[in-house]
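Q: My file is query33.cif. It has mmCIF, C-alpha atoms and all ligand atoms:
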```cif
data_coords
loop_
_atom_site.label_atom_id
_atom_site.label_comp_id
_atom_site.auth_asym_id
_atom_site.auth_seq_id
_atom_site.Cartn_x
_atom_site.Cartn_y
_atom_site.Cartn_z
CA MET A 1 0.00 0.00 0.00
CA THR A 2 2.67 2.50 1.02
CA SER A 3 4.63 2.41 -2.24
CA ASN A 4 1.54 3.39 -4.24
CA VAL A 5 0.68 6.20 -1.88
CA ILE A 6 4.16 7.68 -2.17
CA GLU A 7 4.03 7.48 -5.94
CA PHE A 8 0.60 9.15 -6.17
CA LYS A 9 1.45 11.90 -3.72
CA SER A 10 3.68 13.61 -6.26
CA MET A 11 0.80 14.66 -8.52
CA THR A 12 -1.38 17.57 -7.41
CA ARG A 13 -3.08 19.14 -10.40
CA PRO A 14 -5.09 22.31 -9.84
CA ILE A 15 -8.87 22.24 -10.14
CA ALA A 16 -10.33 24.77 -12.57
CA GLN A 17 -13.11 26.91 -11.11
CA PHE A 18 -14.94 29.26 -13.47
CA ILE A 19 -17.07 31.93 -11.79
CA ARG A 20 -20.11 33.25 -13.66
CA VAL A 21 -20.23 37.01 -13.17
CA ASP A 22 -23.87 37.38 -14.30
CA GLY A 23 -25.20 40.87 -13.58
CA ALA A 24 -23.42 41.24 -10.26
CA HIS A 25 -20.24 42.87 -11.56
CA GLY A 26 -20.58 45.89 -9.26
CA ARG A 27 -20.64 43.83 -6.09
CA PHE A 28 -18.11 41.40 -7.56
CA GLY A 29 -15.83 44.29 -8.49
CA ASP A 30 -15.88 45.58 -4.92
CA LEU A 31 -15.20 42.13 -3.47
CA TYR A 32 -12.44 41.57 -6.02
CA ALA A 33 -10.78 44.90 -5.26
CA ALA A 34 -10.91 44.02 -1.54
CA GLY A 35 -9.18 40.71 -2.23
CA ARG A 36 -12.31 38.75 -1.31
CA LEU A 37 -12.82 37.09 -4.69
CA PRO A 38 -9.65 35.13 -5.42
CA ILE A 39 -10.55 33.76 -8.85
CA ASP A 40 -8.52 32.57 -11.85
CA ARG A 41 -11.34 32.25 -14.39
CA ALA A 42 -14.48 34.28 -15.01
CA ILE A 43 -17.42 33.88 -17.41
CA PHE A 44 -19.17 36.92 -18.83
CA ASP A 45 -22.52 36.93 -20.63
CA ALA A 46 -22.64 38.45 -24.12
CA SER A 47 -25.72 40.39 -23.01
CA ARG A 48 -23.82 42.12 -20.22
CA ILE A 49 -20.09 42.25 -20.94
CA SER A 50 -20.24 45.61 -22.73
CA ASN A 51 -21.30 47.23 -19.44
CA GLN A 52 -18.69 45.35 -17.46
CA LYS A 53 -15.55 46.41 -19.36
CA GLU A 54 -13.81 47.91 -16.35
CA PHE A 55 -14.13 44.70 -14.37
CA VAL A 56 -13.00 42.64 -17.37
CA GLU A 57 -9.88 44.77 -17.72
CA ALA A 58 -9.10 44.58 -14.00
CA LEU A 59 -9.36 40.79 -14.10
CA LYS A 60 -7.35 40.52 -17.31
CA HIS A 61 -4.62 42.69 -15.84
CA ASP A 62 -4.23 40.13 -13.05
CA GLY A 63 -4.14 37.20 -15.44
CA VAL A 64 -7.68 35.98 -14.85
CA GLU A 65 -9.03 34.06 -17.86
CA ILE A 66 -12.07 35.72 -19.45
CA VAL A 67 -14.67 33.39 -20.99
CA LEU A 68 -17.54 34.62 -23.18
CA ASP A 69 -20.94 32.91 -23.08
CA THR A 70 -22.82 33.75 -26.32
CA GLU A 71 -26.20 32.83 -24.77
CA VAL A 72 -27.54 31.45 -28.06
CA ALA A 73 -28.97 28.46 -26.17
CA GLU A 74 -31.20 30.72 -24.06
CA LEU A 75 -32.07 32.88 -27.07
CA ALA A 76 -33.50 29.79 -28.79
CA ALA A 77 -35.68 28.92 -25.78
CA LEU A 78 -39.23 30.27 -25.42
CA ALA A 79 -38.91 30.42 -21.65
CA LYS A 80 -35.65 32.38 -21.77
CA TYR A 81 -35.30 34.68 -24.77
CA GLN A 82 -37.12 37.55 -23.11
CA THR A 83 -34.83 37.64 -20.08
CA HIS A 84 -31.58 39.65 -19.95
CA VAL A 85 -30.21 37.49 -22.81
CA LYS A 86 -32.16 39.61 -25.30
CA LYS A 87 -29.44 42.23 -24.84
CA ALA A 88 -26.90 39.94 -26.51
CA PRO A 89 -26.00 41.73 -29.79
CA TRP A 90 -27.21 38.92 -32.11
CA ALA A 91 -30.62 38.91 -30.41
CA GLU A 92 -31.47 41.96 -32.50
CA LEU A 93 -31.74 39.70 -35.56
CA THR A 94 -35.17 38.68 -34.36
CA ALA A 95 -37.63 41.52 -33.99
CA GLU A 96 -39.60 39.49 -31.52
CA GLY A 97 -39.27 35.82 -30.89
CA VAL A 98 -36.62 33.22 -30.43
CA LEU A 99 -33.34 32.97 -32.31
CA ASP A 100 -34.41 29.58 -33.60
CA SER A 101 -32.87 27.09 -35.99
CA SER A 102 -33.93 29.07 -39.06
CA TYR A 103 -31.16 31.59 -38.28
CA PHE A 104 -28.58 28.83 -38.22
CA ASN A 105 -29.93 26.49 -40.90
CA ASP A 106 -29.38 29.04 -43.62
CA ASN A 107 -25.63 29.07 -44.39
CA GLN A 108 -25.36 32.80 -44.97
CA SER A 109 -27.29 33.68 -41.83
CA GLN A 110 -25.26 31.24 -39.73
CA ALA A 111 -21.99 32.65 -41.12
CA ASN A 112 -23.13 36.17 -40.25
CA ILE A 113 -23.92 35.29 -36.64
CA ILE A 114 -20.66 33.42 -36.21
CA ARG A 115 -18.62 36.29 -37.67
CA TRP A 116 -20.48 38.67 -35.35
CA ILE A 117 -19.62 36.52 -32.34
CA ALA A 118 -15.95 36.35 -33.42
CA LYS A 119 -15.68 40.14 -33.86
CA PHE A 120 -17.40 40.72 -30.53
CA ALA A 121 -15.00 38.32 -28.77
CA VAL A 122 -11.96 40.08 -30.26
CA GLN A 123 -13.38 43.49 -29.38
CA HIS A 124 -13.94 42.48 -25.75
CA HIS A 125 -10.50 40.90 -25.31
CA VAL A 126 -11.79 37.55 -24.12
CA ASP A 127 -9.50 34.55 -23.87
CA THR A 128 -12.09 31.89 -24.59
CA VAL A 129 -15.48 31.64 -26.29
CA LEU A 130 -18.01 29.00 -25.36
CA SER A 131 -18.97 27.59 -28.74
CA PRO A 132 -22.53 28.69 -29.63
CA THR A 133 -24.30 25.42 -28.87
CA HIS A 134 -27.92 24.67 -27.99
CA PHE A 135 -29.99 22.51 -25.65
CA LEU A 136 -30.00 19.09 -27.32
CA GLY A 137 -33.20 18.13 -25.52
CA ASP A 138 -35.15 20.82 -27.44
CA ARG A 139 -38.62 19.33 -28.09
CA LYS A 140 -39.20 21.54 -31.10
CA PHE A 141 -35.99 20.83 -32.98
CA ASP A 142 -33.77 17.75 -32.89
CA LYS A 143 -30.99 18.78 -35.30
CA TRP A 144 -29.13 21.26 -33.12
CA LEU A 145 -26.08 19.05 -32.92
CA ASP A 146 -25.54 19.18 -36.72
CA ILE A 147 -25.82 22.96 -36.65
CA ASP A 148 -23.68 23.42 -33.55
CA LEU A 149 -20.81 21.34 -34.94
CA ARG A 150 -20.76 23.52 -38.07
CA SER A 151 -20.92 26.66 -35.93
CA CYS A 152 -17.89 25.55 -33.94
CA ILE A 153 -15.75 24.98 -37.04
CA ALA A 154 -16.96 28.27 -38.54
CA LEU A 155 -16.16 30.09 -35.30
CA ARG A 156 -12.53 28.93 -35.40
CA LYS A 157 -12.19 30.26 -38.95
CA ALA A 158 -13.93 33.51 -38.10
CA LEU A 159 -11.81 34.10 -34.99
CA ASP A 160 -8.64 33.47 -37.01
CA SER A 161 -9.64 35.90 -39.74
CA GLU A 162 -10.87 38.59 -37.32
CA GLY A 163 -7.62 38.80 -35.39
CA GLY A 164 -8.63 36.34 -32.66
CA SER A 165 -6.35 33.40 -33.46
CA HIS A 166 -5.18 33.49 -29.82
CA ILE A 167 -8.78 33.04 -28.56
CA ALA A 168 -9.63 29.49 -27.53
CA ILE A 169 -12.96 27.71 -28.03
CA ASP A 170 -14.59 25.44 -25.45
CA TYR A 171 -17.53 23.24 -26.41
CA PRO A 172 -20.61 23.06 -24.15
CA ILE A 173 -22.79 19.97 -24.36
CA ILE A 174 -26.20 21.06 -23.04
CA HIS A 175 -28.56 18.17 -22.38
CA LEU A 176 -30.60 16.31 -19.78
CA HIS A 177 -28.32 14.52 -17.32
CA THR A 178 -30.19 11.33 -18.13
CA ALA A 179 -29.29 11.76 -21.82
CA LEU A 180 -25.61 12.13 -20.96
CA ASN A 181 -25.94 8.75 -19.24
CA ARG A 182 -27.14 7.05 -22.42
CA ASP A 183 -24.47 4.94 -24.12
CA ASP A 184 -25.75 5.64 -27.65
CA PHE A 185 -25.78 9.40 -27.08
CA ARG A 186 -22.26 9.42 -25.70
CA LYS A 187 -20.88 7.23 -28.46
CA ASP A 188 -22.36 9.51 -31.11
CA ILE A 189 -21.31 12.83 -29.64
CA ILE A 190 -17.84 11.69 -28.66
CA GLU A 191 -17.22 10.64 -32.27
CA ARG A 192 -18.57 13.86 -33.65
CA ILE A 193 -16.80 16.36 -31.41
CA ALA A 194 -13.47 14.50 -31.20
CA ASP A 195 -11.84 16.50 -34.02
CA LEU A 196 -13.32 19.93 -33.32
CA PRO A 197 -10.85 22.81 -32.79
CA ILE A 198 -11.62 23.03 -29.06
CA ASP A 199 -9.74 22.96 -25.75
CA ASN A 200 -12.23 21.92 -23.08
CA VAL A 201 -15.58 20.14 -23.20
CA TRP A 202 -18.27 21.59 -20.93
CA PHE A 203 -21.49 20.03 -19.71
CA ARG A 204 -24.72 21.60 -18.61
CA ALA A 205 -26.57 18.63 -17.21
CA SER A 206 -30.24 19.51 -16.83
CA GLY A 207 -31.73 17.94 -13.70
CA LEU A 208 -28.41 16.92 -12.13
CA GLY A 209 -28.92 19.22 -9.14
CA SER A 210 -26.49 20.07 -6.36
CA GLU A 211 -28.06 17.83 -3.72
CA PRO A 212 -26.19 14.75 -2.50
CA LYS A 213 -27.97 12.09 -4.60
CA PRO A 214 -26.04 8.80 -4.53
CA GLN A 215 -27.42 7.09 -7.63
CA THR A 216 -27.31 10.26 -9.74
CA ALA A 217 -23.72 10.93 -8.75
CA LYS A 218 -22.58 7.39 -9.54
CA GLN A 219 -24.30 7.40 -12.92
CA ILE A 220 -22.98 10.76 -14.04
CA LEU A 221 -19.48 9.85 -12.86
CA ALA A 222 -19.58 6.68 -14.97
CA SER A 223 -20.65 8.77 -17.97
CA LEU A 224 -17.93 11.34 -17.33
CA TYR A 225 -15.29 8.60 -17.16
CA ASP A 226 -16.51 7.52 -20.60
CA PHE A 227 -16.25 11.09 -21.92
CA GLN A 228 -12.61 11.06 -20.86
CA GLN A 229 -11.76 9.12 -24.00
CA LEU A 230 -11.92 12.57 -25.66
CA LYS A 231 -8.64 13.27 -23.85
CA LYS A 232 -9.75 16.81 -23.16
CA PRO A 233 -10.36 18.57 -19.85
CA LEU A 234 -14.03 18.34 -18.81
CA ILE A 235 -15.91 21.13 -17.04
CA MET A 236 -19.31 20.73 -15.35
CA ASP A 237 -21.18 24.02 -15.70
CA HIS A 238 -24.00 25.15 -13.37
CA THR A 239 -23.02 22.97 -10.47
CA ASP A 240 -22.06 23.53 -6.86
CA GLY A 241 -22.56 22.05 -3.41
CA LEU A 242 -21.72 18.47 -2.49
CA MET A 243 -22.53 17.18 -5.98
CA ALA A 244 -19.89 19.45 -7.55
CA GLN A 245 -17.32 18.48 -4.92
CA ALA A 246 -18.02 14.79 -5.50
CA LEU A 247 -17.52 15.12 -9.27
CA LEU A 248 -14.19 16.85 -8.67
CA ALA A 249 -12.99 14.58 -5.88
CA PHE A 250 -13.74 11.47 -7.93
CA GLY A 251 -11.99 12.82 -11.01
CA GLY A 252 -15.11 12.97 -13.16
CA VAL A 253 -14.33 16.52 -14.23
CA SER A 254 -11.29 18.80 -14.33
CA GLY A 255 -13.27 21.82 -13.22
CA ILE A 256 -16.63 23.38 -12.46
CA ALA A 257 -18.49 26.60 -13.31
CA HIS A 258 -21.15 28.44 -11.31
CA GLY A 259 -22.10 31.88 -10.02
CA ILE A 260 -21.79 33.12 -6.45
CA GLY A 261 -24.96 31.77 -4.87
CA GLU A 262 -26.42 31.55 -8.39
CA ARG A 263 -26.43 29.06 -11.23
CA GLY A 264 -25.50 26.15 -9.02
CA THR A 265 -27.99 23.91 -10.80
CA PHE A 266 -29.38 23.73 -14.31
CA ASN A 267 -32.84 22.83 -15.46
CA ALA A 268 -33.99 23.16 -19.06
CA ALA A 269 -37.08 20.98 -18.63
CA SER A 270 -39.38 24.00 -19.13
CA TRP A 271 -37.35 25.83 -21.74
CA HIS A 272 -39.93 25.10 -24.45
CA LYS A 273 -42.77 26.67 -22.46
CA ILE A 274 -43.93 30.27 -22.55
CA PRO A 275 -43.05 31.76 -19.16
CA GLN A 276 -46.00 32.66 -16.97
CA GLU A 277 -46.68 36.28 -16.16
CA ARG A 278 -45.47 37.19 -12.72
CA ASP A 279 -48.25 37.40 -10.17
CA THR A 280 -48.36 41.13 -9.38
CA ASN A 281 -49.94 40.44 -6.00
CA LYS A 282 -46.87 38.62 -4.84
CA PRO A 283 -44.13 40.70 -3.22
CA PHE A 284 -41.26 41.45 -5.56
CA GLY A 285 -37.73 40.39 -4.76
CA ARG A 286 -36.03 37.07 -4.60
CA THR A 287 -35.33 35.09 -1.47
CA ILE A 288 -31.73 35.37 -0.42
CA TYR A 289 -30.06 32.07 0.34
CA ILE A 290 -27.00 31.77 2.53
CA PRO A 291 -24.57 28.86 2.29
CA ILE A 292 -24.04 27.17 5.64
CA PRO A 293 -20.34 26.40 5.99
CA ARG A 294 -19.53 22.67 5.88
CA LEU A 295 -23.21 21.69 5.73
CA GLY A 296 -23.30 21.35 1.94
CA ARG A 297 -26.52 23.32 1.54
CA ARG A 298 -28.02 26.77 1.79
CA LEU A 299 -30.76 28.21 3.94
CA SER A 300 -32.90 31.27 3.39
CA LYS A 301 -32.06 34.23 5.61
CA LYS A 302 -35.18 33.61 7.66
CA GLU A 303 -34.53 29.88 8.06
CA LEU A 304 -31.02 30.69 9.23
CA GLN A 305 -32.41 33.20 11.74
CA VAL A 306 -34.88 30.66 13.09
CA LEU A 307 -32.37 27.84 13.51
CA ALA A 308 -29.72 30.17 14.94
CA SER A 309 -32.20 31.32 17.59
CA ALA A 310 -32.37 27.81 19.06
CA LYS A 311 -30.15 26.76 21.95
CA GLY A 312 -26.78 25.86 20.42
CA GLY A 313 -27.89 27.18 17.05
CA LYS A 314 -25.26 29.89 16.69
CA LYS A 315 -22.50 27.43 17.51
CA HIS A 316 -23.49 25.01 14.76
CA LEU A 317 -24.59 27.51 12.12
CA GLY A 318 -22.24 30.44 12.70
CA CYS A 319 -19.48 30.93 10.14
CA GLN A 320 -16.01 30.75 11.66
CA ASP A 321 -14.13 31.41 8.45
CA LEU A 322 -12.25 34.50 7.30
CA CYS A 323 -15.36 35.91 5.64
CA CYS A 324 -17.30 36.46 8.88
CA GLN A 325 -15.77 37.78 12.08
CA HIS A 326 -19.08 37.75 13.90
CA GLY A 327 -20.64 34.45 12.90
CA VAL A 328 -24.33 34.45 12.06
CA SER A 329 -24.75 38.23 12.14
CA ASP A 330 -22.05 38.68 9.47
CA MET A 331 -23.56 35.86 7.42
CA LEU A 332 -26.78 37.87 7.34
CA THR A 333 -25.33 41.33 6.72
CA GLU A 334 -22.28 40.44 4.61
CA SER A 335 -23.99 37.61 2.78
CA ARG A 336 -22.29 38.27 -0.59
CA GLN A 337 -18.80 38.22 0.91
CA HIS A 338 -19.68 35.10 2.86
CA ALA A 339 -21.17 33.38 -0.21
CA ALA A 340 -18.09 34.19 -2.31
CA PHE A 341 -15.72 32.75 0.29
CA GLN A 342 -17.85 29.65 0.82
CA ALA A 343 -18.04 29.02 -2.94
CA ILE A 344 -14.34 29.34 -3.57
CA ALA A 345 -12.54 28.16 -0.42
CA PRO A 346 -13.67 24.47 -0.41
CA ILE A 347 -12.56 24.06 -4.03
CA GLN A 348 -9.22 25.74 -3.41
CA LYS A 349 -8.71 23.47 -0.43
CA MET A 350 -9.43 20.35 -2.48
CA SER A 351 -7.17 21.66 -5.24
CA LYS A 352 -4.20 21.42 -2.85
CA ILE A 353 -4.87 17.73 -2.07
CA PRO A 354 -2.92 15.30 -4.29
CA ASP A 355 -5.19 13.98 -7.05
CA PHE A 356 -5.33 10.41 -5.88
CA ASN A 357 -6.07 11.35 -2.28
CA ARG A 358 -9.06 13.50 -3.18
CA GLU A 359 -11.67 10.73 -2.98
CA ASN A 360 -10.59 9.73 0.47
CA TYR A 361 -10.23 13.35 1.56
CA PHE A 362 -13.77 14.18 0.40
CA ILE A 363 -15.31 11.21 2.23
CA GLU A 364 -13.28 11.64 5.41
CA GLN A 365 -13.43 15.43 5.71
CA PRO A 366 -16.08 17.52 3.90
CA LEU A 367 -18.67 14.71 3.82
CA ARG A 368 -18.04 13.54 7.37
CA GLN A 369 -18.17 17.13 8.66
CA ALA A 370 -21.38 17.74 6.74
CA GLU A 371 -22.94 14.59 8.18
CA GLN A 372 -22.04 15.54 11.77
CA LEU A 373 -23.18 19.11 11.33
CA ALA A 374 -26.44 18.04 9.66
CA ARG A 375 -27.12 15.76 12.62
CA ASN A 376 -26.59 18.61 15.08
CA ILE A 377 -28.72 21.02 13.08
CA LYS A 378 -31.63 18.63 12.60
CA ASP A 379 -31.75 18.19 16.38
CA LEU A 380 -32.02 21.93 17.10
CA ASN A 381 -35.27 23.01 18.71
CA PRO A 382 -36.11 26.61 17.86
CA SER A 383 -39.33 28.02 19.26
CA LYS A 384 -42.42 27.82 17.09
CA VAL A 385 -43.27 31.41 18.01
CA ASP A 386 -39.94 32.68 16.62
CA ALA A 387 -40.52 30.66 13.45
CA ASP A 388 -44.08 31.94 13.05
CA ASN A 389 -42.94 35.52 13.57
CA LEU A 390 -40.50 35.15 10.68
CA GLY A 391 -43.04 33.32 8.51
CA VAL A 392 -41.04 30.07 8.50
CA LYS A 393 -42.87 26.76 8.61
CA LEU A 394 -40.95 25.02 11.36
CA GLU A 395 -42.15 21.46 10.71
CA SER A 396 -41.19 21.65 7.06
CA LEU A 397 -37.78 23.12 7.88
CA LYS A 398 -37.05 20.39 10.43
CA LYS A 399 -38.17 17.74 7.97
CA ARG A 400 -35.83 19.09 5.27
CA MET A 401 -32.91 19.17 7.71
CA THR A 402 -33.61 15.57 8.73
CA GLU A 403 -33.78 14.52 5.08
CA HIS A 404 -30.54 16.33 4.31
CA HIS A 405 -28.80 14.44 7.09
CA SER A 406 -30.07 11.13 5.85
CA LYS A 407 -29.12 11.94 2.23
CA ILE A 408 -25.54 12.77 3.21
CA GLY A 409 -25.25 9.44 4.99
CA LYS A 410 -26.38 7.54 1.89
CA PHE A 411 -24.23 9.71 -0.37
CA SER A 412 -21.21 8.94 1.76
CA ASP A 413 -21.92 5.19 1.73
CA ALA A 414 -22.31 5.13 -2.04
CA LEU A 415 -19.12 7.09 -2.63
CA SER A 416 -17.16 4.94 -0.17
CA LEU A 417 -18.24 1.91 -2.15
CA LEU A 418 -17.24 3.55 -5.41
CA HIS A 419 -13.89 4.50 -3.89
CA ASP A 420 -13.28 0.85 -2.98
CA GLU A 421 -14.31 -0.32 -6.44
CA ARG A 422 -12.01 2.16 -8.15
CA GLY A 423 -9.06 1.27 -5.96
CA ALA A 424 -5.86 3.30 -5.93
CA GLY A 425 -5.17 5.42 -8.98
CA GLY A 426 -8.61 5.35 -10.62
CA GLN A 427 -9.19 7.12 -13.92
CA ARG A 428 -9.39 10.93 -13.69
CA ALA A 429 -10.14 13.83 -16.04
CA ILE A 430 -7.04 15.59 -17.33
CA ALA A 431 -6.21 19.02 -15.93
CA CYS A 432 -7.30 22.26 -17.53
CA SER A 433 -4.53 24.66 -18.68
CA PRO A 434 -4.60 28.39 -18.00
CA ARG A 435 -5.20 30.38 -21.18
CA ASN A 436 -4.82 34.05 -20.41
CA LEU A 437 -1.86 35.18 -22.53
CA SER A 438 -0.85 37.81 -19.99
CA LEU A 439 -0.63 35.12 -17.34
CA THR A 440 2.90 34.47 -16.18
CA ASN A 441 4.07 32.71 -13.08
CA THR A 442 5.52 35.87 -11.62
CA LYS A 443 2.43 37.96 -12.27
CA LYS A 444 -0.08 35.38 -11.23
CA ARG A 445 -1.97 36.33 -8.14
CA GLY A 446 -1.26 34.35 -5.04
CA GLY A 447 -4.00 32.62 -3.16
ZN ZN A 501 -18.65 33.51 6.38
#
```
Starting from the file, lay out its structure as structure tokens.

A:
Amino acid sequence: MTSNVIEFKSMTRPIAQFIRVDGAHGRFGDLYAAGRLPIDRAIFDASRISNQKEFVEALKHDGVEIVLDTEVAELAALAKYQTHVKKAPWAELTAEGVLDSSYFNDNQSQANIIRWIAKFAVQHHVDTVLSPTHFLGDRKFDKWLDIDLRSCIALRKALDSEGGSHIAIDYPIIHLHTALNRDDFRKDIIERIADLPIDNVWFRASGLGSEPKPQTAKQILASLYDFQQLKKPLIMDHTDGLMAQALLAFGGVSGIAHGIGERGTFNAASWHKIPQERDTNKPFGRTIYIPIPRLGRRLSKKELQVLASAKGGKKHLGCQDLCCQHGVSDMLTESRQHAAFQAIAPIQKMSKIPDFNRENYFIEQPLRQAEQLARNIKDLNPSKVDADNLGVKLESLKKRMTEHHSKIGKFSDALSLLHDERGAGGQRAIACSPRNLSLTNTKKRGG
């Protein structure tokens, strides 16, 4: 046993973590300037990057890789095209309505969009473009893959001729997680994308979720091991929580992508539906969720307040990390700073563990801690009056906490079994290389 361990210890390859900036560049910019957002890779939306130039330049100056998401997948979806994505430049091609296959089926029209994307990428000094791919589970159109493959090849040519030969292309496969688990689908897509001019392959797995689901995790890991025959780094997009950590620890992917407290899961099941009008009687504003350190899940502000008010609550729920000097009260008032730290720190910590020790590390440390903490939290007894005052249904909250505890236990058992099956030195995704041209070892930010 010892000889293997010594041999494996020598290899510690960094985990790639891509942070989706979304519309929060102002708050992100402040956190970044204060050294509270130690990132190496950032994703900007085509609909928003023009208003975020200052932040892009600040990141670029420090060697952070800038990735452009063209948002054509959302623009082709009935449920999505009227959201912020309609501000992506190429959305103006459609007066009203989705940017559907008709804009890509016609060679001239497709070439125009692709050239537009290439020029835009060069203009905005990005390092990488996510190839303009679509949701392959689209119920209205089942030929996206043919179109998307052509778009990818055309994009390489367009980037080269528009002065963007240094800009890399990554290829997102957007599909139901159950489809990714199908042998015939994988065989087909692996064959067809194998020779594309791309660096990394990304996945957006609709329905995967961030919850600790044992069977789902084992199945997607098996599929990801199969995708590794592409011999390219693999990135799981829209994932966080214990699911994301499991995929990384078990070498299914080389990296992950998500926002800060946003875009930690992906669900395209309703993309073909017309979105319902918002009920104007309901109060506006979204619920703010706060990650609970080491628990592997988030709670709403009010749920956190209720549980923290119980005897022993502050001890189990209060953040003791660098982001919060004053535990629960800082979690509530400095929730963005707390969320940023909690999103990045666990991945950075795992990144420092030698590759072949990561499975064991994940089971013995983050999962075990989460299991113990979940047990303590489910046993808290806050007063019903406090819960009622905050509008929190106590029974339902306690039930969810109990379920979370039980799920972690099963998740841990399943992964321990998988760890035994894989043995020492199991197959792992290859590491992702940094691509920012201004990145040098001396300039690279510490942390
Ligand atoms: Zn904190």

Q: Report, in Å to a single decimal, how far apart CA of Arg336 in chain A and CA of Lys378 in chain A are.

A: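 Result for CA of Lys378 in chain A versus CA of Arg336 in chain A: 25.4 Å, one decimal.
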
Q: What is the CA of Arg182 in chain A to CA of Phe250 in chain A distance in Å?

A: 20.2 Å

Q: Please identify all polymer residues within 7 Å of Ala168 in chain A, counting only C-alpha atoms, omitting same-chain residues fewer than 3 positions from it, and present them as a list in words.

A: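 Contacts, with the query itself left out: Asp127, Thr128, Val129, Ile198 and Asp199 of chain A.
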
Q: Which chain A residues have any atom within 9 Å of an atom of ligand ZN 501 (chain A), and for each, what is the nearest pair of atoms with distance in Å to one decimal, counting all atoms listed in the file, rows sorted by chain and number, as JSON lines?

A:
```
{"residue": "A:Pro291", "atom": "CA", "partner": "A:ZN501", "partner_atom": "ZN", "distance": 8.6}
{"residue": "A:Ile292", "atom": "CA", "partner": "A:ZN501", "partner_atom": "ZN", "distance": 8.4}
{"residue": "A:Pro293", "atom": "CA", "partner": "A:ZN501", "partner_atom": "ZN", "distance": 7.3}
{"residue": "A:Gly318", "atom": "CA", "partner": "A:ZN501", "partner_atom": "ZN", "distance": 7.9}
{"residue": "A:Cys319", "atom": "CA", "partner": "A:ZN501", "partner_atom": "ZN", "distance": 4.6}
{"residue": "A:Gln320", "atom": "CA", "partner": "A:ZN501", "partner_atom": "ZN", "distance": 6.5}
{"residue": "A:Asp321", "atom": "CA", "partner": "A:ZN501", "partner_atom": "ZN", "distance": 5.4}
{"residue": "A:Leu322", "atom": "CA", "partner": "A:ZN501", "partner_atom": "ZN", "distance": 6.5}
{"residue": "A:Cys323", "atom": "CA", "partner": "A:ZN501", "partner_atom": "ZN", "distance": 4.1}
{"residue": "A:Cys324", "atom": "CA", "partner": "A:ZN501", "partner_atom": "ZN", "distance": 4.1}
{"residue": "A:Gln325", "atom": "CA", "partner": "A:ZN501", "partner_atom": "ZN", "distance": 7.7}
{"residue": "A:His326", "atom": "CA", "partner": "A:ZN501", "partner_atom": "ZN", "distance": 8.6}
{"residue": "A:Gly327", "atom": "CA", "partner": "A:ZN501", "partner_atom": "ZN", "distance": 6.9}
{"residue": "A:Val328", "atom": "CA", "partner": "A:ZN501", "partner_atom": "ZN", "distance": 8.1}
{"residue": "A:Asp330", "atom": "CA", "partner": "A:ZN501", "partner_atom": "ZN", "distance": 6.9}
{"residue": "A:Met331", "atom": "CA", "partner": "A:ZN501", "partner_atom": "ZN", "distance": 5.5}
{"residue": "A:Glu334", "atom": "CA", "partner": "A:ZN501", "partner_atom": "ZN", "distance": 8.0}
{"residue": "A:Ser335", "atom": "CA", "partner": "A:ZN501", "partner_atom": "ZN", "distance": 7.6}
{"residue": "A:Gln337", "atom": "CA", "partner": "A:ZN501", "partner_atom": "ZN", "distance": 7.2}
{"residue": "A:His338", "atom": "CA", "partner": "A:ZN501", "partner_atom": "ZN", "distance": 4.0}
{"residue": "A:Ala339", "atom": "CA", "partner": "A:ZN501", "partner_atom": "ZN", "distance": 7.1}
{"residue": "A:Ala340", "atom": "CA", "partner": "A:ZN501", "partner_atom": "ZN", "distance": 8.7}
{"residue": "A:Phe341", "atom": "CA", "partner": "A:ZN501", "partner_atom": "ZN", "distance": 6.8}
{"residue": "A:Gln342", "atom": "CA", "partner": "A:ZN501", "partner_atom": "ZN", "distance": 6.8}
```

Q: In Å, how far is it from CA of Pro197 in chain A to CA of Cys152 in chain A?

A: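 Separation between CA of Pro197 in chain A and CA of Cys152 in chain A: 7.6 Å.
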
Q: Could you name the residues that touch Asp22 in chain A at 9 Å or less, counting only C-alpha atoms, but leaving out those on the same chain fewer than 2 positions away, as a VMD selection string?

A: chain A and resid 20 24 to 25 43 to 45 48 259 262

Q: Taking only C-alpha atoms into account, name the residue in A:Met236, A:Val385, A:Ile167, A:Ala429 that is nearest to Glu65 in chain A.

A: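 When distances to Glu65 in chain A are compared using only C-alpha atoms, the smallest one comes from A:Ile167.
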